[in-house]
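Have a look at structure-v6.tsv below; it lists TSV, C-alpha atoms.
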chain	number	residue	atom	x	y	z
A	1	MET	CA	-6.26	4.26	-19.69
A	2	SER	CA	-8.63	1.88	-17.91
A	3	ARG	CA	-7.15	-0.68	-15.52
A	4	GLN	CA	-8.62	-3.74	-13.85
A	5	PHE	CA	-8.96	-4.15	-10.08
A	6	ALA	CA	-10.42	-6.85	-7.84
A	7	ILE	CA	-11.76	-5.81	-4.44
A	8	LEU	CA	-12.07	-8.74	-2.03
A	9	GLY	CA	-14.31	-7.66	0.83
A	10	LEU	CA	-16.95	-4.98	0.41
A	11	GLY	CA	-17.11	-3.47	3.87
A	12	TYR	CA	-16.94	0.29	4.26
A	13	PHE	CA	-13.26	0.47	3.24
A	14	GLY	CA	-13.47	-2.01	0.36
A	15	SER	CA	-16.69	-0.59	-1.08
A	16	THR	CA	-15.27	2.95	-0.92
A	17	VAL	CA	-12.16	1.87	-2.82
A	18	ALA	CA	-14.31	0.03	-5.36
A	19	ARG	CA	-16.61	3.01	-5.98
A	20	GLU	CA	-13.70	5.45	-6.34
A	21	LEU	CA	-11.83	3.19	-8.76
A	22	LYS	CA	-15.01	2.84	-10.82
A	23	ARG	CA	-15.55	6.62	-10.71
A	24	HIS	CA	-12.16	6.91	-12.44
A	25	ASP	CA	-13.44	4.63	-15.23
A	26	ASN	CA	-11.55	1.51	-14.22
A	27	GLN	CA	-12.94	-2.01	-14.53
A	28	VAL	CA	-13.74	-3.27	-11.05
A	29	LEU	CA	-14.68	-6.67	-9.65
A	30	GLY	CA	-16.21	-6.72	-6.17
A	31	VAL	CA	-16.39	-9.89	-4.08
A	32	ASP	CA	-17.92	-10.58	-0.68
A	33	ARG	CA	-19.61	-13.46	1.10
A	34	ASP	CA	-22.41	-11.12	2.25
A	35	GLU	CA	-25.14	-11.07	-0.41
A	36	SER	CA	-26.51	-7.68	0.72
A	37	ARG	CA	-23.11	-6.02	0.22
A	38	VAL	CA	-22.75	-7.51	-3.25
A	39	ASP	CA	-26.28	-6.48	-4.21
A	40	ALA	CA	-25.60	-2.91	-3.06
A	41	LEU	CA	-22.79	-2.58	-5.62
A	42	SER	CA	-24.11	-4.81	-8.40
A	43	ASP	CA	-25.30	-1.83	-10.47
A	44	THR	CA	-22.12	0.16	-9.88
A	45	LEU	CA	-19.30	-2.30	-10.57
A	46	ASP	CA	-18.53	-4.27	-13.71
A	47	HIS	CA	-18.84	-7.54	-11.82
A	48	ALA	CA	-20.10	-8.27	-8.28
A	49	VAL	CA	-19.73	-11.82	-6.99
A	50	ILE	CA	-20.80	-13.66	-3.84
A	51	ALA	CA	-17.96	-15.92	-2.66
A	52	ASP	CA	-16.16	-17.18	0.43
A	53	LEU	CA	-12.88	-15.25	0.47
A	54	THR	CA	-11.11	-18.06	2.32
A	55	ASP	CA	-12.07	-20.68	-0.29
A	56	GLU	CA	-9.09	-21.19	-2.62
A	57	THR	CA	-11.23	-22.89	-5.27
A	58	ALA	CA	-13.69	-19.97	-5.35
A	59	LEU	CA	-10.84	-17.47	-5.56
A	60	ALA	CA	-9.16	-19.43	-8.37
A	61	GLU	CA	-12.34	-19.14	-10.46
A	62	LEU	CA	-12.04	-15.31	-10.34
A	63	ALA	CA	-8.79	-15.31	-12.39
A	64	LEU	CA	-7.22	-12.79	-10.01
A	65	GLU	CA	-3.86	-13.07	-11.79
A	66	THR	CA	-5.36	-11.13	-14.72
A	67	TYR	CA	-6.07	-8.01	-12.64
A	68	ASP	CA	-3.63	-5.12	-12.24
A	69	ALA	CA	-4.08	-5.24	-8.46
A	70	VAL	CA	-6.12	-7.02	-5.80
A	71	VAL	CA	-7.33	-5.16	-2.70
A	72	ILE	CA	-8.14	-7.28	0.37
A	73	ASP	CA	-10.44	-6.01	3.11
A	74	VAL	CA	-11.79	-9.00	5.06
A	75	ASP	CA	-13.62	-7.13	7.82
A	76	ASP	CA	-11.97	-7.46	11.26
A	77	ASN	CA	-11.31	-11.21	11.01
A	78	LEU	CA	-7.53	-11.63	11.18
A	79	GLU	CA	-7.59	-15.36	10.36
A	80	SER	CA	-9.77	-14.90	7.26
A	81	SER	CA	-7.65	-11.97	6.10
A	82	VAL	CA	-4.44	-13.98	6.43
A	83	ILE	CA	-5.90	-17.03	4.64
A	84	CYS	CA	-7.28	-14.85	1.84
A	85	THR	CA	-3.95	-13.05	1.37
A	86	LEU	CA	-2.06	-16.36	1.31
A	87	HIS	CA	-4.37	-17.80	-1.35
A	88	VAL	CA	-4.28	-14.64	-3.48
A	89	LYS	CA	-0.47	-14.64	-3.36
A	90	GLU	CA	-0.29	-18.31	-4.35
A	91	LEU	CA	-2.76	-17.71	-7.20
A	92	GLY	CA	-0.28	-15.30	-8.78
A	93	ALA	CA	-1.85	-11.88	-8.22
A	94	LYS	CA	0.35	-9.18	-9.77
A	95	GLU	CA	-0.01	-6.73	-6.88
A	96	ILE	CA	-1.69	-7.15	-3.50
A	97	TRP	CA	-2.97	-4.32	-1.30
A	98	ALA	CA	-4.28	-5.52	2.07
A	99	LYS	CA	-5.95	-3.75	4.98
A	100	ALA	CA	-4.53	-4.39	8.46
A	101	HIS	CA	-6.37	-4.07	11.77
A	102	SER	CA	-3.46	-4.23	14.21
A	103	ASP	CA	0.34	-4.12	14.40
A	104	ALA	CA	0.51	-7.92	14.46
A	105	HIS	CA	-1.84	-8.13	11.47
A	106	ASN	CA	0.31	-5.58	9.65
A	107	LYS	CA	3.45	-7.70	10.15
A	108	LEU	CA	1.70	-10.91	9.12
A	109	LEU	CA	0.40	-9.42	5.87
A	110	LYS	CA	3.86	-8.16	4.94
A	111	ARG	CA	5.39	-11.57	5.63
A	112	LEU	CA	2.75	-13.22	3.48
A	113	GLY	CA	3.79	-11.07	0.55
A	114	ALA	CA	1.32	-8.19	0.45
A	115	ASP	CA	2.90	-5.45	-1.67
A	116	ARG	CA	1.19	-2.66	0.24
A	117	VAL	CA	-0.42	-2.84	3.68
A	118	ILE	CA	-2.96	-0.17	4.59
A	119	TYR	CA	-3.44	0.42	8.30
A	120	PRO	CA	-6.20	3.09	8.43
A	121	GLU	CA	-6.49	3.45	12.21
A	122	ARG	CA	-2.76	4.05	12.63
A	123	ASP	CA	-2.38	6.25	9.54
A	124	VAL	CA	-5.39	8.42	10.33
A	125	GLY	CA	-4.36	8.58	14.00
A	126	MET	CA	-0.96	9.94	13.00
A	127	ARG	CA	-2.54	12.53	10.73
A	128	VAL	CA	-4.98	13.64	13.43
A	129	ALA	CA	-2.16	13.97	15.98
A	130	GLU	CA	-0.05	16.06	13.59
A	131	SER	CA	-3.04	18.26	12.72
A	132	LEU	CA	-3.83	18.80	16.40
A	133	ASN	CA	-0.19	19.60	17.11
A	134	TYR	CA	0.03	21.99	14.15
A	135	HIS	CA	-3.53	23.21	13.73
A	136	ALA	CA	-2.92	24.68	10.27
A	137	MET	CA	-1.60	21.45	8.76
A	138	ILE	CA	-3.86	20.01	6.06
A	139	ASP	CA	-1.88	16.98	4.92
A	140	PHE	CA	1.57	15.41	4.96
A	141	ILE	CA	3.60	12.71	3.22
A	142	ARG	CA	6.49	10.99	5.00
A	143	LEU	CA	9.52	10.67	2.70
A	144	GLY	CA	11.84	9.19	5.31
A	145	GLU	CA	12.50	9.24	9.03
A	146	ARG	CA	13.06	13.02	9.09
A	147	GLN	CA	11.89	14.18	5.66
A	148	PHE	CA	8.32	15.22	4.89
A	149	ILE	CA	6.14	17.02	2.38
A	150	VAL	CA	3.62	19.10	4.31
A	151	GLU	CA	0.67	21.24	3.26
A	152	LEU	CA	-0.04	24.12	5.63
A	153	GLU	CA	-2.83	26.69	5.51
A	154	THR	CA	-1.70	30.28	6.07
A	155	THR	CA	-3.49	32.19	8.80
A	156	GLU	CA	-4.41	35.86	9.23
A	157	ARG	CA	-1.73	36.03	11.89
A	158	LEU	CA	0.97	34.84	9.49
A	159	VAL	CA	-0.08	37.19	6.69
A	160	GLU	CA	0.04	40.12	9.11
A	161	GLN	CA	3.67	39.27	9.88
A	162	CYS	CA	4.75	37.94	6.46
A	163	THR	CA	3.45	39.71	3.38
A	164	SER	CA	5.54	37.75	0.87
A	165	VAL	CA	7.57	34.55	0.52
A	166	ALA	CA	10.74	36.49	1.28
A	167	SER	CA	9.52	37.32	4.80
A	168	LEU	CA	8.77	33.72	5.73
A	169	ALA	CA	11.22	32.36	8.29
A	170	ILE	CA	12.24	29.38	6.16
A	171	ASP	CA	15.49	27.53	6.77
A	172	ARG	CA	16.50	27.44	3.11
A	173	ASP	CA	19.23	24.88	3.71
A	174	ASN	CA	16.73	22.33	5.01
A	175	LEU	CA	13.39	23.38	3.58
A	176	HIS	CA	11.96	24.11	0.13
A	177	LEU	CA	8.69	25.88	-0.69
A	178	VAL	CA	7.43	23.69	-3.53
A	179	ALA	CA	4.18	25.50	-4.32
A	180	ILE	CA	1.42	27.78	-3.11
A	181	LYS	CA	-2.15	26.58	-3.67
A	182	ARG	CA	-4.57	29.50	-3.96
A	183	GLY	CA	-8.08	28.33	-4.73
A	184	ASP	CA	-7.87	26.49	-8.07
A	185	GLU	CA	-4.50	28.09	-8.87
A	186	VAL	CA	-1.17	26.38	-8.13
A	187	ILE	CA	1.90	28.65	-8.04
A	188	GLN	CA	4.88	26.35	-8.55
A	189	ASN	CA	8.30	27.25	-7.12
A	190	PRO	CA	7.17	30.72	-5.99
A	191	ASP	CA	9.93	33.33	-5.86
A	192	ASP	CA	10.62	35.69	-2.95
A	193	THR	CA	8.37	38.44	-4.37
A	194	THR	CA	5.23	36.25	-4.40
A	195	PRO	CA	2.69	37.79	-1.98
A	196	LEU	CA	0.99	35.68	0.67
A	197	GLN	CA	-2.74	35.70	1.28
A	198	ALA	CA	-4.84	34.31	4.11
A	199	GLY	CA	-6.18	30.94	3.05
A	200	ASP	CA	-3.19	30.11	0.86
A	201	ASN	CA	-1.90	26.57	1.26
A	202	LEU	CA	1.88	26.28	1.45
A	203	VAL	CA	3.39	23.03	0.14
A	204	LEU	CA	6.77	22.57	1.84
A	205	MET	CA	9.34	19.79	1.57
A	206	GLY	CA	12.22	19.20	3.92
A	207	ASP	CA	13.52	18.40	7.38
A	208	LEU	CA	11.03	17.78	10.20
A	209	GLU	CA	12.51	20.32	12.62
A	210	ALA	CA	12.60	23.05	9.95
A	211	LEU	CA	8.95	22.32	9.16
A	212	ARG	CA	8.07	22.58	12.85
A	213	LYS	CA	9.62	26.06	13.00
A	214	VAL	CA	7.38	27.20	10.15
A	215	GLY	CA	4.39	25.56	11.84
A	216	ARG	CA	4.99	27.61	14.97
A	217	GLN	CA	4.55	30.83	12.96
A	218	LEU	CA	0.97	29.92	12.00

Represent the structure from my file as structure tokens, please.
Amino acid sequence: MSRQFAILGLGYFGSTVARELKRHDNQVLGVDRDESRVDALSDTLDHAVIADLTDETALAELALETYDAVVIDVDDNLESSVICTLHVKELGAKEIWAKAHSDAHNKLLKRLGADRVIYPERDVGMRVAESLNYHAMIDFIRLGERQFIVELETTERLVEQCTSVASLAIDRDNLHLVAIKRGDEVIQNPDDTTPLQAGDNLVLMGDLEALRKVGRQL
């Protein structure tokens, strides 16, 4: 089912979000004060508008309250981002996603009522650090302070030591093997007899320390 999204700010982040949402057959409005950015997406999006994102009157004319969500990416200008978020909130947007550029910016956006704050530099930095620490880690989702879902790629070394799920050193009280991704195949809730192959991706959910123990086997 198609949804409607407004992207305020068409920098690299905003334009990427806009293109991806459109690729999934959503209706997308793109807005930026830079004419060249708007022109670059005019043939891709449903509507592309040149407007000052800090001008409440200009924003009101966009009927942002009719969209399922509004995404705000006002370059690296903290003041403009804050003013834009404040106006969008007061105009009755149903859901606001805003991009932050610093810890202080992150806190301000949350206080102004942004429903979700995206902080790419911090989020990507955390993922890079985890991947460097556990070289086989592909992705992770934080569920709480100590609970994660982690995707790990099996190595030749692991397969030489562990030929099946049963031989994995998994702390079953604190860790659950949710699935094995093998190419285009997803083996859900694999049992102990499921063989392991190099290149398999293990999707594990559980306690951080138990996940670290598995990571050290790779």

With a distance cut-off of 12 Å and all atoms listed in the file, select the neighbouring residues of Gly92 of chain A, excluding the residue or stretch itself and same-chain residues fewer than 5 positions from it, and output the selection as number ranges by chain. A: 59-60, 62-70, 85-87, 113-114

Let me see the file: selected residues, C-alpha atoms, as a CSV table (one decimal), keeping the file's coordinate frame.
chain,number,residue,atom,x,y,z
A,59,LEU,CA,-10.8,-17.5,-5.6
A,60,ALA,CA,-9.2,-19.4,-8.4
A,62,LEU,CA,-12.0,-15.3,-10.3
A,63,ALA,CA,-8.8,-15.3,-12.4
A,64,LEU,CA,-7.2,-12.8,-10.0
A,65,GLU,CA,-3.9,-13.1,-11.8
A,66,THR,CA,-5.4,-11.1,-14.7
A,67,TYR,CA,-6.1,-8.0,-12.6
A,68,ASP,CA,-3.6,-5.1,-12.2
A,69,ALA,CA,-4.1,-5.2,-8.5
A,70,VAL,CA,-6.1,-7.0,-5.8
A,85,THR,CA,-4.0,-13.0,1.4
A,86,LEU,CA,-2.1,-16.4,1.3
A,87,HIS,CA,-4.4,-17.8,-1.4
A,113,GLY,CA,3.8,-11.1,0.6
A,114,ALA,CA,1.3,-8.2,0.4

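The smallest atom-to-atom distance between Leu175 of chain A and any of A:Glu79, A:Asp43, A:Asp115, A:Glu209, using all atoms listed in the file, is found for A:Glu209.
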
Quick one: residues within 7 Å of segment 156-170 of chain A, only C-alpha atoms, excluding same-chain residues fewer than 5 positions away - as number ranges by chain? A: 175, 191-198, 214, 217-218

Using all atoms listed in the file, find all polymer residues with an atom at most 10 Å away from the point (-4.8, -7.4, 7.4); report them as number ranges by chain. A: 72-82, 84-85, 97-110, 114, 117-119

Have a look at atom CA of Met1 of chain A and atom CA of Phe13 of chain A and let me know their distance in Å, one decimal. 24.3 Å

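Closest approach to Phe148 of chain A from the set A:Glu95, A:Asp171, A:Glu90, A:Asp207 is made by A:Asp207, with distances taken over only C-alpha atoms.
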
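Distance annotation: of A:Arg3, A:Met205, A:Gln147, A:Gly14, the residue with the minimal separation from Arg172 of chain A is A:Met205; atom set is only C-alpha atoms.
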
Segment 28-37 of chain A: which residues within 6 Å, counting all atoms listed in the file, same-chain residues fewer than 3 positions away excluded, as a PDB file with C-alpha atoms, in the frame of the given file?
ATOM      1  CA  GLN A   4      -8.620  -3.740 -13.850  1.00  0.00           C
ATOM      2  CA  PHE A   5      -8.960  -4.150 -10.080  1.00  0.00           C
ATOM      3  CA  ALA A   6     -10.420  -6.850  -7.840  1.00  0.00           C
ATOM      4  CA  ILE A   7     -11.760  -5.810  -4.440  1.00  0.00           C
ATOM      5  CA  LEU A   8     -12.070  -8.740  -2.030  1.00  0.00           C
ATOM      6  CA  GLY A   9     -14.310  -7.660   0.830  1.00  0.00           C
ATOM      7  CA  LEU A  10     -16.950  -4.980   0.410  1.00  0.00           C
ATOM      8  CA  ALA A  40     -25.600  -2.910  -3.060  1.00  0.00           C
ATOM      9  CA  LEU A  45     -19.300  -2.300 -10.570  1.00  0.00           C
ATOM     10  CA  ASP A  46     -18.530  -4.270 -13.710  1.00  0.00           C
ATOM     11  CA  HIS A  47     -18.840  -7.540 -11.820  1.00  0.00           C
ATOM     12  CA  ALA A  48     -20.100  -8.270  -8.280  1.00  0.00           C
ATOM     13  CA  VAL A  49     -19.730 -11.820  -6.990  1.00  0.00           C
ATOM     14  CA  ILE A  50     -20.800 -13.660  -3.840  1.00  0.00           C
ATOM     15  CA  ALA A  51     -17.960 -15.920  -2.660  1.00  0.00           C
ATOM     16  CA  ASP A  52     -16.160 -17.180   0.430  1.00  0.00           C
TER      17      ASP A  52
END
